[in-house]
Every structure is written in structure tokens, then in C-alpha cells.
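*Asks:* Structure file start_10.csv (CSV, C-alpha atoms and all ligand atoms) is given on the next line.
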chain,number,residue,atom,x,y,z
A,749,MET,CA,-5.5,2.8,-11.9
A,750,SER,CA,-4.8,3.3,-8.2
A,751,MET,CA,-1.6,2.1,-6.5
A,752,SER,CA,-3.5,-0.6,-4.6
A,753,GLU,CA,-5.0,-2.0,-7.8
A,754,VAL,CA,-1.6,-2.1,-9.4
A,755,LEU,CA,-0.2,-4.0,-6.5
A,756,LYS,CA,-3.3,-6.3,-6.0
A,757,ASP,CA,-2.0,-9.2,-8.2
A,758,ILE,CA,1.4,-9.0,-6.5
A,759,ASN,CA,-0.3,-9.1,-3.1
A,760,ASN,CA,-2.4,-12.1,-4.1
A,761,ALA,CA,0.6,-14.0,-5.5
A,762,SER,CA,0.8,-17.6,-4.0
A,763,SER,CA,4.5,-17.1,-3.0
A,764,TRP,CA,7.1,-14.5,-2.5
A,765,SER,CA,9.0,-15.8,-5.5
A,766,GLU,CA,5.9,-15.4,-7.7
A,767,ALA,CA,5.4,-11.9,-6.3
A,768,SER,CA,9.0,-10.9,-7.2
A,769,ILE,CA,8.5,-12.1,-10.8
A,770,LEU,CA,5.2,-10.2,-11.1
A,771,LEU,CA,6.7,-7.0,-9.7
A,772,GLY,CA,9.7,-7.4,-12.1
A,773,LYS,CA,7.2,-7.6,-15.1
A,774,LEU,CA,5.2,-4.6,-13.8
A,775,LEU,CA,8.4,-2.6,-13.6
A,776,GLY,CA,9.4,-3.6,-17.1
A,777,LEU,CA,12.3,-5.9,-16.1
A,778,GLU,CA,13.1,-9.3,-17.5
A,779,GLU,CA,14.2,-10.6,-14.1
A,780,ALA,CA,12.5,-10.9,-10.7
A,781,VAL,CA,13.2,-8.2,-8.2
A,782,PRO,CA,14.9,-8.8,-4.9
A,783,LEU,CA,12.5,-10.1,-2.2
A,784,PRO,CA,13.1,-7.3,0.3
A,785,VAL,CA,12.1,-4.9,-2.4
A,786,VAL,CA,8.8,-6.8,-3.0
A,787,ARG,CA,8.1,-6.9,0.7
A,788,ARG,CA,8.8,-3.2,1.1
A,789,ALA,CA,6.7,-2.3,-1.9
A,790,LEU,CA,3.7,-4.0,-0.4
A,791,ARG,CA,4.0,-2.1,2.9
A,792,ASP,CA,5.5,1.2,2.1
A,793,ASP,CA,3.2,3.2,-0.3
A,794,PHE,CA,5.8,5.9,-0.8
A,795,PHE,CA,8.4,3.3,-1.9
A,796,SER,CA,6.0,1.6,-4.2
A,797,GLN,CA,5.1,4.9,-5.8
A,798,ASN,CA,8.8,5.6,-6.4
A,799,LEU,CA,9.2,2.2,-8.0
A,800,LEU,CA,6.3,2.8,-10.4
A,801,MET,CA,7.7,6.3,-11.3
A,802,CYS,CA,11.0,4.6,-12.2
A,803,ARG,CA,9.3,1.9,-14.2
A,804,ASN,CA,11.2,0.9,-17.4
A,805,ASN,CA,14.3,2.8,-16.1
A,806,PRO,CA,16.7,0.0,-14.9
A,807,LYS,CA,19.3,2.5,-13.7
A,808,LEU,CA,16.9,4.3,-11.4
A,809,LEU,CA,15.3,1.1,-10.3
A,810,GLU,CA,18.7,-0.3,-9.4
A,811,MET,CA,19.2,2.7,-7.1
A,812,LEU,CA,15.9,1.9,-5.4
A,813,PHE,CA,16.8,-1.8,-5.2
A,814,ASN,CA,20.0,-0.8,-3.4
A,815,ASP,CA,18.4,1.5,-0.9
A,816,PRO,CA,19.9,0.5,2.5
A,817,GLN,CA,16.4,0.7,4.1
A,818,ASN,CA,15.5,-2.4,2.2
A,819,ALA,CA,17.6,-4.4,4.6
A,820,ALA,CA,14.8,-4.1,7.2
A,821,TYR,CA,12.7,-6.3,4.8
A,822,GLU,CA,15.2,-9.1,4.5
A,823,ILE,CA,13.7,-12.6,5.0
A,824,LYS,CA,14.5,-13.9,8.4
A,825,GLU,CA,16.8,-16.9,9.0
A,826,ASN,CA,15.0,-20.0,10.2
A,827,LYS,CA,15.3,-20.1,14.0
A,828,LYS,CA,17.1,-23.2,15.1
A,829,ARG,CA,14.8,-25.5,17.2
A,830,SER,CA,15.8,-29.0,18.3
A,831,ASN,CA,14.0,-32.0,17.0
A,832,ASN,CA,12.8,-32.7,20.5
A,833,GLU,CA,11.3,-29.3,20.9
A,834,LEU,CA,9.5,-29.6,17.5
A,835,LEU,CA,8.2,-33.0,18.2
A,836,PHE,CA,7.1,-31.9,21.7
A,837,LYS,CA,5.2,-29.0,20.2
A,838,ALA,CA,3.7,-31.2,17.5
A,839,THR,CA,2.6,-33.7,20.1
A,840,GLY,CA,1.0,-31.0,22.3
A,841,ALA,CA,-0.9,-29.6,19.3
A,842,LEU,CA,-2.0,-33.2,18.3
A,843,VAL,CA,-3.4,-33.8,21.8
A,844,LYS,CA,-5.3,-30.5,21.8
A,845,TRP,CA,-6.6,-31.3,18.3
A,846,SER,CA,-7.7,-34.8,19.2
A,847,LYS,CA,-9.9,-33.3,22.0
A,848,SER,CA,-11.8,-31.3,19.3
A,849,GLY,CA,-12.4,-34.6,17.3
A,850,PHE,CA,-9.6,-33.6,14.8
A,851,SER,CA,-11.9,-30.9,13.4
A,852,LYS,CA,-10.7,-28.9,10.5
A,853,VAL,CA,-11.7,-25.4,9.3
A,854,ASN,CA,-13.5,-25.2,6.0
A,855,GLU,CA,-11.8,-24.4,2.8
A,856,ALA,CA,-12.6,-20.7,2.9
A,857,GLU,CA,-11.3,-20.3,6.4
A,858,PHE,CA,-8.2,-22.3,5.6
A,859,LYS,CA,-7.5,-20.0,2.6
A,860,ARG,CA,-8.1,-16.9,4.7
A,861,ARG,CA,-5.5,-18.0,7.3
A,862,TYR,CA,-3.0,-19.4,4.9
A,863,ASP,CA,-3.1,-16.3,2.7
A,864,ILE,CA,-2.1,-14.3,5.7
A,865,CYS,CA,0.8,-16.7,6.4
A,866,LYS,CA,2.0,-16.5,2.8
A,867,ARG,CA,2.4,-12.8,3.2
A,868,CYS,CA,3.9,-12.9,6.6
A,869,ASP,CA,7.6,-12.1,7.4
A,870,GLU,CA,7.8,-15.1,9.6
A,871,LEU,CA,7.2,-17.7,6.8
A,872,VAL,CA,10.6,-19.2,5.9
A,873,GLU,CA,11.9,-22.3,4.2
A,874,PRO,CA,12.2,-25.3,6.5
A,875,SER,CA,15.4,-26.5,7.9
A,876,ASN,CA,16.5,-30.0,7.1
A,877,GLN,CA,15.4,-31.3,10.5
A,878,MET,CA,14.1,-34.9,10.9
A,879,ALA,CA,11.0,-33.7,12.8
A,880,TYR,CA,9.7,-31.7,9.8
A,881,LYS,CA,10.3,-34.8,7.6
A,882,ILE,CA,8.3,-37.0,10.0
A,883,VAL,CA,5.4,-34.8,11.1
A,884,TYR,CA,4.8,-32.8,7.9
A,885,ARG,CA,5.9,-35.3,5.2
A,886,ASN,CA,2.6,-34.9,3.3
A,887,ALA,CA,2.4,-31.1,3.3
A,888,LYS,CA,2.6,-29.6,-0.2
A,889,ASP,CA,4.0,-26.3,1.1
A,890,ARG,CA,6.5,-27.1,3.8
A,891,ARG,CA,7.5,-23.6,4.7
A,892,VAL,CA,7.7,-23.0,8.4
A,893,CYS,CA,6.5,-20.3,10.6
A,894,ASN,CA,9.6,-18.9,12.3
A,895,ASN,CA,7.5,-17.7,15.2
A,896,CYS,CA,6.1,-21.0,16.3
A,897,GLY,CA,8.1,-23.6,14.3
A,898,CYS,CA,4.9,-25.1,12.6
A,899,VAL,CA,4.4,-25.8,9.0
A,900,ALA,CA,1.9,-23.0,8.2
A,901,SER,CA,0.0,-24.9,5.4
A,902,GLY,CA,-0.8,-27.7,7.9
A,903,LYS,CA,-1.5,-25.6,11.0
A,904,ALA,CA,-4.0,-23.4,9.1
A,905,TRP,CA,-6.3,-26.4,8.6
A,906,ILE,CA,-6.5,-27.1,12.4
A,907,THR,CA,-9.5,-25.6,14.2
A,908,THR,CA,-7.7,-25.6,17.6
A,909,GLU,CA,-4.6,-23.8,16.3
A,910,ASN,CA,-4.0,-20.0,16.1
A,911,CYS,CA,-1.2,-17.8,14.9
A,912,SER,CA,0.7,-16.8,18.1
A,913,LYS,CA,1.8,-13.5,16.9
A,914,PRO,CA,-0.2,-10.4,18.0
A,915,HIS,CA,-1.8,-8.3,15.4
A,916,PRO,CA,-0.1,-4.9,15.3
A,917,GLN,CA,-3.4,-3.0,15.3
A,918,ASP,CA,-5.1,-5.2,18.0
A,919,PRO,CA,-2.8,-7.1,20.3
A,920,GLU,CA,-5.8,-9.2,21.6
A,921,LEU,CA,-6.0,-10.7,18.1
A,922,SER,CA,-3.5,-12.8,16.3
A,923,LEU,CA,-2.2,-12.0,12.8
A,924,TRP,CA,-5.0,-14.4,11.7
A,925,ARG,CA,-7.4,-12.0,13.4
A,926,GLU,CA,-8.5,-14.6,15.9
A,927,PRO,CA,-8.6,-14.0,19.7
A,928,LEU,CA,-5.3,-14.8,21.3
A,929,THR,CA,-6.9,-15.7,24.6
A,930,ARG,CA,-9.0,-18.6,23.4
A,1001,LIG,S1,1.2,-18.5,11.9
A,1001,LIG,FE1,1.2,-16.2,12.2
A,1001,LIG,S2,3.3,-15.6,12.5
A,1001,LIG,FE2,3.3,-17.7,11.6
A,1001,LIG,S3,3.5,-17.4,9.4
A,1001,LIG,FE3,1.3,-17.5,9.9
A,1001,LIG,S4,0.7,-15.4,10.2
A,1001,LIG,FE4,2.9,-15.4,10.3
Here is a file; write its structure as C-alpha cells.
Ligand code: SF4

*Replies:*
Amino acid sequence: MSMSEVLKDINNASSWSEASILLGKLLGLEEAVPLPVVRRALRDDFFSQNLLMCRNNPKLLEMLFNDPQNAAYEIKENKKRSNNELLFKATGALVKWSKSGFSKVNEAEFKRRYDICKRCDELVEPSNQMAYKIVYRNAKDRRVCNNCGCVASGKAWITTENCSKPHPQDPELSLWREPLTR
């Protein structure tokens, strides 16, 4: 079985915590592995190969888990934005959306966008700010995009929205692979 096949289930996990449990099982551990390790395993083929070679060997795995390079894959802190800033942004997005007749993308397009967000470094737990409680009170997954401050599971439904982060391989596209200039 190829490395990409081995990591496919982990890559398709619905959340980082589910991915960390799956990787733990794959490596023969009873506990979930640290999140920076999961994130690195999905992006660094050499590292994921080393993890698999050390499968069922907790001592060697521990050394890999403690590799200082894993720090680059730490989850980012939620950027602090004021309630006014968040409400202003949400109002702007609402006006833009209203001009499109509140159109939503279809289920498949939502899933495509949202799956990208779920694997993105920018997706973090929301702060306890009032604006999130007001605007996104019905969202099932209230995790927030650290790049724009939106709740990704809500934003991904809205036709007029786009991820604002450029794609590393094509800066004219967003991470959602949609034109940034539209
Ligand atoms: S909107 Fe873009 S930057 Fe934000 S979480 Fe989604 S993919 Fe990442």
C-alpha cells in the first residue's frame, strides 16, 4: 500500500482531533498523536515515512513526536479582532450576499470548499466573542478562519464569498482554488 493510500483516511478525517486519533491507531498507539505531528505527517512525506517505519515502537515514535521541527506545525492562536470589526465584516458580507439574492453553492461545492478549510492551518477554535455568538449562533462547526475572522462552515455556503488566502502554487487563486480577483 502506498504512503498516500495509508494517509488517505487521515486526510479525509472531519476534524484535526479525529485525524490525530486515526494516526495514533495507524501507528499502533492507544492515544491520539499531537496535532503538530498529524499536520506535519500530511505535508512532509519524509516525516510520514519515518513515522510508519517506527510504527509500534513507542520509544522511537516519541523521539519523532519531540522533533523541534514539529513546532512549525503548531495550531495558530486565534487572532484577536474586536466585536465591531467582526460585525462590520459580517454586515459587509451580508450586503454583498443580498445582492446575489442570498444564493448558496450546492452541497458538492460546499463540501469541496469546507474540506479545504478543515485541513487548513488557519482554522482555529472561536474566541468567546459576542459577535460570533450573534452572527453564527446556528453554525454546527463554529471554528473560525484566522485569516478572515469568518466561521468557515458558514462562509463556505455563500456564493459571493471566497477564501482570501492565495494558493501557494497559483497566487491568482485562493486556497479554495477560486479566482481572487472576482
Ligand atoms: S477560508 Fe481559506 S484561509 Fe480560511 S480556513 Fe478556509 S481555506 Fe483556510

*Asks:* Any idea what the distance is between CA of Gly897 in chain A and CA of Ser851 in chain A?

*Replies:*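 Atom-to-atom, CA of Gly897 in chain A to CA of Ser851 in chain A, that is 21.3 Å.
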
*Asks:* CA of Val781 in chain A and CA of Ser768 in chain A are how many Å apart?

*Replies:* 5.1 Å

*Asks:* Return the single residue from A:Arg803, A:Lys903, A:Lys888, A:Lys756 that is closest to ligand LIG 1001 (chain A), with distances computed using all atoms listed in the file.

*Replies:* A:Lys903

*Asks:* Kindly provide, as a list in words, all nucleotide and amino acid residues lying within 6 Å of ligand LIG 1001 (chain A), counting all atoms listed in the file.

*Replies:*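 Result of the 6 Å neighbour search around ligand LIG 1001 (chain A): Ile864, Cys865, Cys868, Glu870, Leu871, Cys893, Asn895, Ala900, Cys911, Ser912, Lys913, Leu923 and Trp924 of chain A.
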
*Asks:* What's around Glu926 in chain A at 9 Å? Count all atoms listed in the file, leave out sequence neighbours fewer than 5 positions away in its own chain, and write the answer as an MDAnalysis selection string.

*Replies:* chainID A and resid 910:911 920:921

*Asks:* Nearest to Ala856 in chain A: which of A:Ala780, A:Cys802, A:Ala904, A:Val786 is it, counting only C-alpha atoms?

*Replies:*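 Among the listed residues, A:Ala904 lies closest to Ala856 in chain A.
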
*Asks:* With only C-alpha atoms as the basis for distance, which of A:Ala820, A:Ala838, A:Val872, A:Cys898 is at the shortest distance from Asp792 in chain A?

*Replies:*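 Looking at the shortest contact to Asp792 in chain A, the residue is A:Ala820.
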
*Asks:* Report, in Å with one decimal, the straight-line distance from CA of Ser763 in chain A to CA of Ala841 in chain A.

*Replies:*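 Going from CA of Ser763 in chain A over to CA of Ala841 in chain A covers 26.1 Å.
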
*Asks:* Taking only C-alpha atoms into account, name the residue in A:His915, A:Arg787, A:Arg890, A:Lys859 that is nearest to Gly902 in chain A.

*Replies:*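 For Gly902 in chain A, the nearest of the candidates is A:Arg890.
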
*Asks:* Residues within 9 Å of Gly776 in chain A, please, as an mmCIF file with C-alpha atoms, in the coordinates of the input. Count only C-alpha atoms; anything in the same chain fewer than 6 positions from it doesn't count.

*Replies:*
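Listing of selection39.cif after writing:
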data_model
loop_
_atom_site.group_PDB
_atom_site.id
_atom_site.type_symbol
_atom_site.label_atom_id
_atom_site.label_comp_id
_atom_site.auth_asym_id
_atom_site.auth_seq_id
_atom_site.Cartn_x
_atom_site.Cartn_y
_atom_site.Cartn_z
ATOM 1 C CA ARG A 803 9.300 1.900 -14.200
ATOM 2 C CA ASN A 804 11.200 0.900 -17.400
ATOM 3 C CA ASN A 805 14.300 2.800 -16.100
ATOM 4 C CA PRO A 806 16.700 0.000 -14.900
#

*Asks:* Calculated over all atoms listed in the file, which of the candidates A:Arg925, A:Asp863, A:Leu834, A:Leu800 has the smallest distance to Val899 in chain A?

*Replies:*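 Once distances to Val899 in chain A are computed over all atoms listed in the file, the minimum belongs to A:Leu834.
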
*Asks:* Could you tell me which of A:Lys773, A:Cys896, A:Ile906, A:Asn759 comes closest to Lys837 in chain A if we count only C-alpha atoms?

*Replies:*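 Of A:Lys773, A:Cys896, A:Ile906, A:Asn759, the one nearest Lys837 in chain A is A:Cys896, counting only C-alpha atoms.
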